[in-house]
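Engineer: One structure, as structure tokens, below. Some questions next.
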Amino acid sequence: MGELQVEKHVKYILAVEKRKDDFESVVMEHLRLNGAYWGLTTLDILGKLDAVDQDEVISWVMQCQHEDDIAGLQNEDGSFSGDMWGEVDTRFSYIAICSLALMRQLDKIDVGNAVKYIVSCKNVDGGFGCTPGAESHAGQIFCCVGALAITGSLHHVDKDLLGWWLCERQVKSGGLNGRPEKLPDVCYSWWVLSSLILIDRVHWIDKEKLAKFILDCQDKERGGISDRPDDAVDVFHTYFGVAGLSLLEYPGLKPIDPAYALPVSVVSKVILGK
Ligand code: ZN
């Protein structure tokens, strides 16, 4: 299966970060903050955050801040809209709850109502969808279980039922898919694995085989990780691959928090002030 190519992945991420003016960067402009999060968090997990100019990153991130606030996007039923255009989805519930918890400002929203809305998106298979009645999907399950974990509401999850649905996402190659009959994909190493950890059912999958699948998705020459072996690499899958390996306790990686999707050291510093 080979080792994790730490130095090559660092080089790959730094090269993507510098490529600000080419065609792909312009087209992907709206995703650039996400790209910064994926790239910086990967570097931190790899213990290489000092490879970037932190002052430059901070001043660039600060330029992206608007006057409006997260709490204003909560709707009467407890759900959250993504922006002023009003699309509602449990992804936005997670982002709102996670961000406000990191800023220690959960008191700015109606947490009880937010939890009630997430619970209304629970399905008979134990999973969660993007809105009430919508099909269960591993990405959405992470958002809902993560938000319930942050708000201390995991008692709303049927852990055995959801645990079964999640562990059935592992296919023969060791990789995980997001829904029944779909191909395995490295990014689900995060969505499925973090959810299994949060509900204490991670021992229901073959962790060694999953680690092998992730390592097989590396570009061993130029760095980066792809969605599945031999596909083109990107920062998104590089982050979720490394984060997945961190959850699997791969040697030398910083531990990542399964609910906040940030290194444990960052979460304790920001939330607990340690
Ligand atoms: Zn993917």
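Following the order of the structure tokens, chains are lettered A, B, ..., residues in each are numbered from 1, and ligands are numbered from 1.
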List the spatial neighbours of segment 261-271 of chain A as a PyMOL selection string - criterion: any atom at most 8 Å away, only C-alpha atoms, same-chain residues fewer than 3 positions off excluded.
Structural biologist: chain A and resi 41+44-45+101-104+254-258+274
Engineer: Residues at most 8 Å from ligand 1, using only C-alpha atoms and all ligand atoms? Could they come as a ChimeraX atom specification?
Structural biologist: /A:185-188,227,236-237
Engineer: Rounded to one decimal, what separation in Å do you get between atom CA of Cys143 of chain A and atom CA of Tyr117 of chain A?
Structural biologist: 12.7 Å
Engineer: What's the 12 Å shell around His156 of chain A, counting only C-alpha atoms, without same-chain residues fewer than 2 positions away, as an MDAnalysis selection string?
Structural biologist: chainID A and resid 115:123 126:128 144:145 147:149 151:154 158:159 162 199
Engineer: Using atom CA of Gly129 of chain A and atom CA of Asp89 of chain A as the two end points, give the distance in Å to one decimal.
Structural biologist: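 Atom-to-atom, atom CA of Gly129 of chain A and atom CA of Asp89 of chain A are spaced 8.6 Å apart.
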Engineer: Please extract the residues of segment 88-183 of chain A with a backbone DSSP assignment of helix (DSSP H, G or I) and present them as a CSV table (one decimal) with N, CA and C atoms, in the first residue's frame.
Structural biologist:
chain,number,residue,atom,x,y,z
A,90,THR,N,-29.6,20.9,5.7
A,90,THR,CA,-29.0,20.6,7.0
A,90,THR,C,-27.5,20.9,7.0
A,91,ARG,N,-26.9,21.0,5.8
A,91,ARG,CA,-25.5,21.5,5.7
A,91,ARG,C,-25.3,22.8,6.4
A,92,PHE,N,-26.3,23.7,6.1
A,92,PHE,CA,-26.2,25.1,6.7
A,92,PHE,C,-26.4,25.0,8.2
A,93,SER,N,-27.3,24.1,8.7
A,93,SER,CA,-27.4,24.0,10.1
A,93,SER,C,-26.1,23.6,10.8
A,94,TYR,N,-25.4,22.7,10.1
A,94,TYR,CA,-24.1,22.3,10.7
A,94,TYR,C,-23.1,23.5,10.7
A,95,ILE,N,-23.0,24.1,9.5
A,95,ILE,CA,-22.0,25.2,9.4
A,95,ILE,C,-22.4,26.3,10.4
A,96,ALA,N,-23.6,26.6,10.6
A,96,ALA,CA,-24.0,27.7,11.5
A,96,ALA,C,-23.6,27.3,13.0
A,97,ILE,N,-24.0,26.1,13.3
A,97,ILE,CA,-23.8,25.6,14.7
A,97,ILE,C,-22.3,25.5,15.0
A,98,CYS,N,-21.5,24.9,14.0
A,98,CYS,CA,-20.1,24.7,14.2
A,98,CYS,C,-19.4,26.1,14.3
A,99,SER,N,-19.7,27.0,13.4
A,99,SER,CA,-19.1,28.3,13.5
A,99,SER,C,-19.4,29.1,14.7
A,100,LEU,N,-20.7,29.1,15.1
A,100,LEU,CA,-21.0,29.8,16.3
A,100,LEU,C,-20.4,29.2,17.6
A,101,ALA,N,-20.3,27.8,17.6
A,101,ALA,CA,-19.7,27.2,18.7
A,101,ALA,C,-18.2,27.6,18.8
A,102,LEU,N,-17.5,27.7,17.6
A,102,LEU,CA,-16.1,28.0,17.6
A,102,LEU,C,-15.9,29.5,18.1
A,106,LEU,N,-23.1,30.4,20.6
A,106,LEU,CA,-24.3,29.6,20.3
A,106,LEU,C,-25.6,30.3,20.9
A,107,ASP,N,-25.4,31.2,21.9
A,107,ASP,CA,-26.5,31.8,22.5
A,107,ASP,C,-27.2,32.8,21.6
A,108,LYS,N,-26.6,33.1,20.4
A,108,LYS,CA,-27.2,34.0,19.5
A,108,LYS,C,-28.4,33.4,18.7
A,111,VAL,N,-31.0,27.2,19.8
A,111,VAL,CA,-30.4,25.9,19.6
A,111,VAL,C,-31.4,24.8,19.7
A,112,GLY,N,-32.4,24.9,20.6
A,112,GLY,CA,-33.4,23.9,20.7
A,112,GLY,C,-34.2,23.7,19.4
A,113,ASN,N,-34.5,24.8,18.8
A,113,ASN,CA,-35.3,24.7,17.5
A,113,ASN,C,-34.4,24.2,16.4
A,114,ALA,N,-33.1,24.6,16.4
A,114,ALA,CA,-32.2,24.1,15.4
A,114,ALA,C,-32.0,22.6,15.5
A,115,VAL,N,-32.0,22.1,16.7
A,115,VAL,CA,-31.9,20.6,16.9
A,115,VAL,C,-33.1,19.9,16.5
A,116,LYS,N,-34.3,20.5,16.8
A,116,LYS,CA,-35.6,20.0,16.4
A,116,LYS,C,-35.7,19.8,14.9
A,117,TYR,N,-35.2,20.8,14.2
A,117,TYR,CA,-35.2,20.7,12.7
A,117,TYR,C,-34.4,19.6,12.2
A,118,ILE,N,-33.2,19.5,12.8
A,118,ILE,CA,-32.2,18.4,12.3
A,118,ILE,C,-32.9,17.0,12.6
A,119,VAL,N,-33.5,16.9,13.8
A,119,VAL,CA,-34.1,15.6,14.1
A,119,VAL,C,-35.3,15.3,13.2
A,138,ALA,N,-24.5,10.1,3.2
A,138,ALA,CA,-23.4,10.1,4.2
A,138,ALA,C,-22.9,11.6,4.5
A,139,GLY,N,-22.8,12.4,3.5
A,139,GLY,CA,-22.4,13.8,3.7
A,139,GLY,C,-23.3,14.5,4.7
A,140,GLN,N,-24.6,14.3,4.4
A,140,GLN,CA,-25.7,14.9,5.2
A,140,GLN,C,-25.7,14.4,6.7
A,141,ILE,N,-25.4,13.1,6.7
A,141,ILE,CA,-25.4,12.4,8.1
A,141,ILE,C,-24.3,13.0,8.9
A,142,PHE,N,-23.1,13.3,8.3
A,142,PHE,CA,-22.0,13.9,9.0
A,142,PHE,C,-22.5,15.3,9.6
A,143,CYS,N,-23.1,16.0,8.7
A,143,CYS,CA,-23.6,17.4,9.1
A,143,CYS,C,-24.5,17.3,10.3
A,144,CYS,N,-25.5,16.4,10.2
A,144,CYS,CA,-26.5,16.3,11.3
A,144,CYS,C,-25.9,15.7,12.5
A,145,VAL,N,-25.2,14.6,12.4
A,145,VAL,CA,-24.6,14.0,13.6
A,145,VAL,C,-23.6,15.0,14.2
A,146,GLY,N,-22.8,15.7,13.4
A,146,GLY,CA,-21.8,16.6,13.9
A,146,GLY,C,-22.5,17.7,14.7
A,147,ALA,N,-23.6,18.3,14.1
A,147,ALA,CA,-24.3,19.4,14.8
A,147,ALA,C,-24.9,18.9,16.1
A,148,LEU,N,-25.4,17.6,16.1
A,148,LEU,CA,-26.0,17.1,17.3
A,148,LEU,C,-25.0,16.9,18.3
A,149,ALA,N,-23.8,16.4,17.9
A,149,ALA,CA,-22.7,16.2,18.9
A,149,ALA,C,-22.2,17.6,19.5
A,150,ILE,N,-22.1,18.6,18.7
A,150,ILE,CA,-21.6,19.9,19.2
A,150,ILE,C,-22.7,20.5,20.2
A,154,LEU,N,-26.8,14.0,21.0
A,154,LEU,CA,-26.6,12.8,20.3
A,154,LEU,C,-27.6,11.7,20.7
A,155,HIS,N,-28.3,12.0,21.8
A,155,HIS,CA,-29.3,11.0,22.3
A,155,HIS,C,-30.5,10.9,21.2
A,156,HIS,N,-30.6,11.8,20.3
A,156,HIS,CA,-31.6,11.7,19.2
A,156,HIS,C,-31.2,10.7,18.1
A,159,LYS,N,-28.2,4.9,17.4
A,159,LYS,CA,-26.8,4.6,17.1
A,159,LYS,C,-26.6,3.2,16.4
A,160,ASP,N,-27.3,2.2,16.8
A,160,ASP,CA,-27.1,0.9,16.2
A,160,ASP,C,-27.7,0.9,14.8
A,161,LEU,N,-28.9,1.5,14.6
A,161,LEU,CA,-29.5,1.5,13.2
A,161,LEU,C,-28.6,2.3,12.3
A,162,LEU,N,-28.2,3.5,12.7
A,162,LEU,CA,-27.3,4.4,11.9
A,162,LEU,C,-26.0,3.7,11.6
A,163,GLY,N,-25.4,3.1,12.7
A,163,GLY,CA,-24.1,2.4,12.6
A,163,GLY,C,-24.2,1.4,11.5
A,164,TRP,N,-25.3,0.6,11.4
A,164,TRP,CA,-25.4,-0.4,10.3
A,164,TRP,C,-25.4,0.2,9.0
A,165,TRP,N,-26.2,1.3,8.8
A,165,TRP,CA,-26.3,2.0,7.5
A,165,TRP,C,-24.9,2.5,7.1
A,166,LEU,N,-24.1,3.0,8.1
A,166,LEU,CA,-22.8,3.6,7.8
A,166,LEU,C,-21.8,2.5,7.5
A,167,CYS,N,-21.8,1.4,8.2
A,167,CYS,CA,-20.7,0.5,8.0
A,167,CYS,C,-21.0,-0.3,6.7
Engineer: Determine, counting only C-alpha atoms, which protein, DNA and RNA residues have an atom within 12 Å of an atom of Lys212 of chain A; residues of the same chain fewer than 5 positions away are not included. Present the result as a count of residues only.
Structural biologist: 22
Engineer: To one decimal in Å, tell me the separation between atom CA of Val242 of chain A and atom CA of Asp50 of chain A.
Structural biologist: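 So the answer is 17.6 Å.
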Engineer: Which residue gives the smallest distance to Phe240 of chain A among A:Ser79, A:Ser194, A:Gln54, A:Thr131, with only C-alpha atoms counted?
Structural biologist: A:Ser194
Engineer: Using only C-alpha atoms, pick whichever of A:Asp53, A:Asp68, A:Glu135, A:Asp83 has the shortest atom-to-atom distance to Leu40 of chain A.
Structural biologist: A:Asp53
Engineer: Can you pull out every residue from segment 55-237 of chain A that DSSP, working from the backbone, puts in strand (DSSP E), and format the result as a list in words?
Structural biologist: Ile225, Ser226, Val233 and Asp234 of chain A
Engineer: When you count only C-alpha atoms, which of these residues is closest to Leu215 of chain A: A:Val6, A:Cys64, A:Cys130, A:Ala232?
Structural biologist: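 For Leu215 of chain A, the nearest of the given residues is A:Val6.
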